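Undergrad: One structure, pasted below without further comment.
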Amino acid sequence: MKNDGIIKVFQDIADLLELKGENPYKIRAYHNVVHAIKHLPVEVEQLVAEDRLKEVPGVGEAITKKLTELVTTGRLNYYEKLKAEFPEGVTALLDIPGVGPRTAMLLVTGLGIKSIDELETVIVGGKLAGLPHVGDKTAENILHHIKAMRSRQGLVSEWQG
């Protein structure tokens with residue numbers, strides 16, 4: 001698994017732990033690992049193969065085990081169990097810049113949204129304004145981020161293809 005995929009998993013873990021109301025120090029530890037991986041000059045896979053994960057700032061024994069499991073198996077049991085504690089769609093919505101853990105949970109529980117496509121449809125239909133703490137400006141910003149994500153994905157697939 002490449003660094004981008006690892007970053008997503010660990011960012012999701014931090015966000016889900018925040019929703020659970022976990023210890024802020026634990027949440028910060030996951031954020032710190034995300035930050036450290038973003039700035040690595042090499043892939044985490046290489047560090048795992050060379051048994052050098054502990055050289056990464058903020059990576060202790062527990063995170064080393066999780067990173068090793070994720071890199072070697074392609075999945076992380078801890079992450080799968082954590083995701084199972086939340087309604088379907090929460091982690092998908094967390095991929096949208098500007099949608100934090102609380103907003104994602106509100107969208108899923110308040111409107112039953114399970115995907116980015118469903119969220120876009122609700123925003124375009126003007127049905128997002130009924131949610132508390134989500135005004136027109138927030139809806140507009142989320143829609144802007146969704147369109148920007150799609151644009152980047154299109155550019156990436158054109159470049160690769």
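Naming works like this for the structure tokens: A, B, ... for the chains as they're shown, residue 1 at the start of each chain, ligands 1 onward in shown order.
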Show me a table, sorted first by chain and then by increasing residue number, of the residues of stretch 44-128 of chain A having an atom at most 9 Å from stretch 6-12 of chain A, each with its shortest atom pair and the distance in Å to one decimal, counting only C-alpha atoms and written as CSV.
TA:
residue,atom,partner,partner_atom,distance
A:Val44,CA,A:Ile6,CA,8.3
A:Leu67,CA,A:Ile6,CA,7.8
A:Leu70,CA,A:Ile6,CA,7.5
A:Val71,CA,A:Ile6,CA,8.0
A:Leu76,CA,A:Val9,CA,8.5
A:Tyr79,CA,A:Val9,CA,7.3
A:Lys83,CA,A:Asp12,CA,8.7
A:Thr91,CA,A:Asp12,CA,6.5
A:Leu94,CA,A:Asp12,CA,7.3
A:Asp95,CA,A:Lys8,CA,8.2
A:Pro101,CA,A:Asp12,CA,8.9
Undergrad: What is the distance between atom CA of A:Met1 and atom CA of A:Gly60, in Å to one decimal?
TA: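 So the answer is 19.8 Å.
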Undergrad: Mind listing the alpha helix (DSSP H) residues of chain A, per DSSP on the backbone, as a PyMOL selection string?
TA: chain A and resi 3-20+24-38+44-49+61-73+77-84+90-93+101-111+116-124+136-160
Undergrad: Return the single residue from A:Glu45, A:Gly58, A:Glu80, A:Arg102 that is closest to A:Asn32, with distances computed using only C-alpha atoms.
TA: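 When distances to A:Asn32 are compared using only C-alpha atoms, the smallest one comes from A:Gly58.
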Undergrad: Using only C-alpha atoms, which protein or nucleic acid residues come within 10 Å of A:Gly130? Drop anything in the same chain fewer than 6 positions from it, and give the result as a list in words.
TA: Gly110, Leu111 and Asp136 of chain A
Undergrad: Find the residues near A:Asp51: any atom within 12 Å, counting only C-alpha atoms, skip ones fewer than 3 places away on the same chain, and give them as a ChimeraX atom specification.
TA: /A:44-48,54-56,64-65,67-68
Undergrad: Go ahead and save the residues from that selection, with C-alpha atoms, as an mmCIF file, in the first residue's frame.
TA:
data_model
loop_
_atom_site.group_PDB
_atom_site.id
_atom_site.type_symbol
_atom_site.label_atom_id
_atom_site.label_comp_id
_atom_site.auth_asym_id
_atom_site.auth_seq_id
_atom_site.Cartn_x
_atom_site.Cartn_y
_atom_site.Cartn_z
ATOM 1 C CA VAL A 44 6.289 3.427 4.192
ATOM 2 C CA GLU A 45 6.549 0.043 2.434
ATOM 3 C CA GLN A 46 10.302 0.558 2.138
ATOM 4 C CA LEU A 47 10.626 1.457 5.827
ATOM 5 C CA VAL A 48 8.655 -1.648 6.815
ATOM 6 C CA LYS A 54 10.739 3.702 14.434
ATOM 7 C CA GLU A 55 12.932 6.328 12.740
ATOM 8 C CA VAL A 56 9.749 8.188 11.752
ATOM 9 C CA THR A 64 4.580 0.392 14.036
ATOM 10 C CA LYS A 65 2.437 -2.732 14.414
ATOM 11 C CA LEU A 67 1.569 0.278 9.822
ATOM 12 C CA THR A 68 3.235 -3.100 9.339
#
Undergrad: What lies within 12 Å of stretch 124-126 of chain A using only C-alpha atoms, ignoring chain neighbours under 5 positions off, as a list in words?
TA: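 Close residues of stretch 124-126 of chain A: Asp117, Glu118, Leu119, Leu131, Val134, Gly135, Asp136, Lys137, Ala139, Glu140, Ile142, Leu143, His144, Ile146 and Lys147 of chain A.
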Undergrad: Filtering to N, CA and C atoms, could you give me those residues as a compact mmCIF listing (two decimals), in the first residue's frame?
TA:
# COMPACT_ATOMS: atom_id res chain seq x y z
N ASP A 117 -21.92 11.13 -4.12
CA ASP A 117 -22.94 11.40 -5.14
C ASP A 117 -24.28 11.79 -4.51
N GLU A 118 -24.67 11.06 -3.45
CA GLU A 118 -25.93 11.38 -2.76
C GLU A 118 -25.86 12.77 -2.14
N LEU A 119 -24.71 13.10 -1.56
CA LEU A 119 -24.55 14.42 -0.94
C LEU A 119 -24.67 15.51 -2.00
N LEU A 131 -30.66 21.03 7.73
CA LEU A 131 -29.86 20.48 8.81
C LEU A 131 -29.33 21.58 9.72
N VAL A 134 -25.72 23.71 9.27
CA VAL A 134 -25.30 23.62 7.87
C VAL A 134 -26.10 24.65 7.07
N GLY A 135 -25.49 25.78 6.85
CA GLY A 135 -26.16 26.84 6.11
C GLY A 135 -25.84 26.79 4.63
N ASP A 136 -26.34 27.78 3.91
CA ASP A 136 -26.13 27.86 2.46
C ASP A 136 -24.65 27.96 2.11
N LYS A 137 -23.91 28.75 2.87
CA LYS A 137 -22.48 28.94 2.60
C LYS A 137 -21.72 27.62 2.76
N ALA A 139 -23.00 24.59 2.50
CA ALA A 139 -23.42 23.72 1.39
C ALA A 139 -22.68 24.10 0.11
N GLU A 140 -22.57 25.39 -0.14
CA GLU A 140 -21.87 25.88 -1.33
C GLU A 140 -20.39 25.46 -1.30
N ILE A 142 -19.05 22.89 0.33
CA ILE A 142 -18.96 21.44 0.16
C ILE A 142 -19.11 21.08 -1.31
N LEU A 143 -20.09 21.69 -1.97
CA LEU A 143 -20.30 21.42 -3.40
C LEU A 143 -19.06 21.82 -4.21
N HIS A 144 -18.47 22.95 -3.87
CA HIS A 144 -17.24 23.39 -4.54
C HIS A 144 -16.14 22.34 -4.37
N ILE A 146 -16.48 19.10 -3.73
CA ILE A 146 -16.84 17.88 -4.47
C ILE A 146 -16.46 18.04 -5.94
N LYS A 147 -16.80 19.19 -6.52
CA LYS A 147 -16.48 19.43 -7.94
C LYS A 147 -14.97 19.47 -8.15
Undergrad: Within 8 Å of A:Lys38, counting only C-alpha atoms, which residues qualify if same-chain residues fewer than 3 places away don't, as a PyMOL selection string?
TA: chain A and resi 3-4+7+34-35
Undergrad: Keeping only C-alpha atoms, write the selected residues to a file as a short mmCIF file (atom, residue, chain, number, x, y, z; two decimals), in the first residue's frame.
TA:
data_model
loop_
_atom_site.label_atom_id
_atom_site.label_comp_id
_atom_site.auth_asym_id
_atom_site.auth_seq_id
_atom_site.Cartn_x
_atom_site.Cartn_y
_atom_site.Cartn_z
CA ASN A 3 1.65 6.38 1.37
CA ASP A 4 -1.54 8.09 0.11
CA ILE A 7 -2.55 8.46 5.10
CA VAL A 34 -0.42 11.37 9.10
CA HIS A 35 1.67 14.53 9.07
#
Undergrad: Please compute the atom CA of A:Val42-atom CA of A:Arg152 distance, one decimal, in Å.
TA: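 Value for the atom CA of A:Val42-atom CA of A:Arg152 distance: 23.5 Å.
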Undergrad: Could you check how far atom CA of A:Pro57 sits from atom CA of A:His39, in Å to one decimal?
TA: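 Taking atom CA of A:Pro57 as the start and atom CA of A:His39 as the end point, the length is 10.6 Å.
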Undergrad: Which is closest to A:Glu22 among A:Leu82, A:Ala62, A:Ile113, A:Ala92, if we use only C-alpha atoms?
TA: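 Smallest distance to A:Glu22 is found for A:Leu82.
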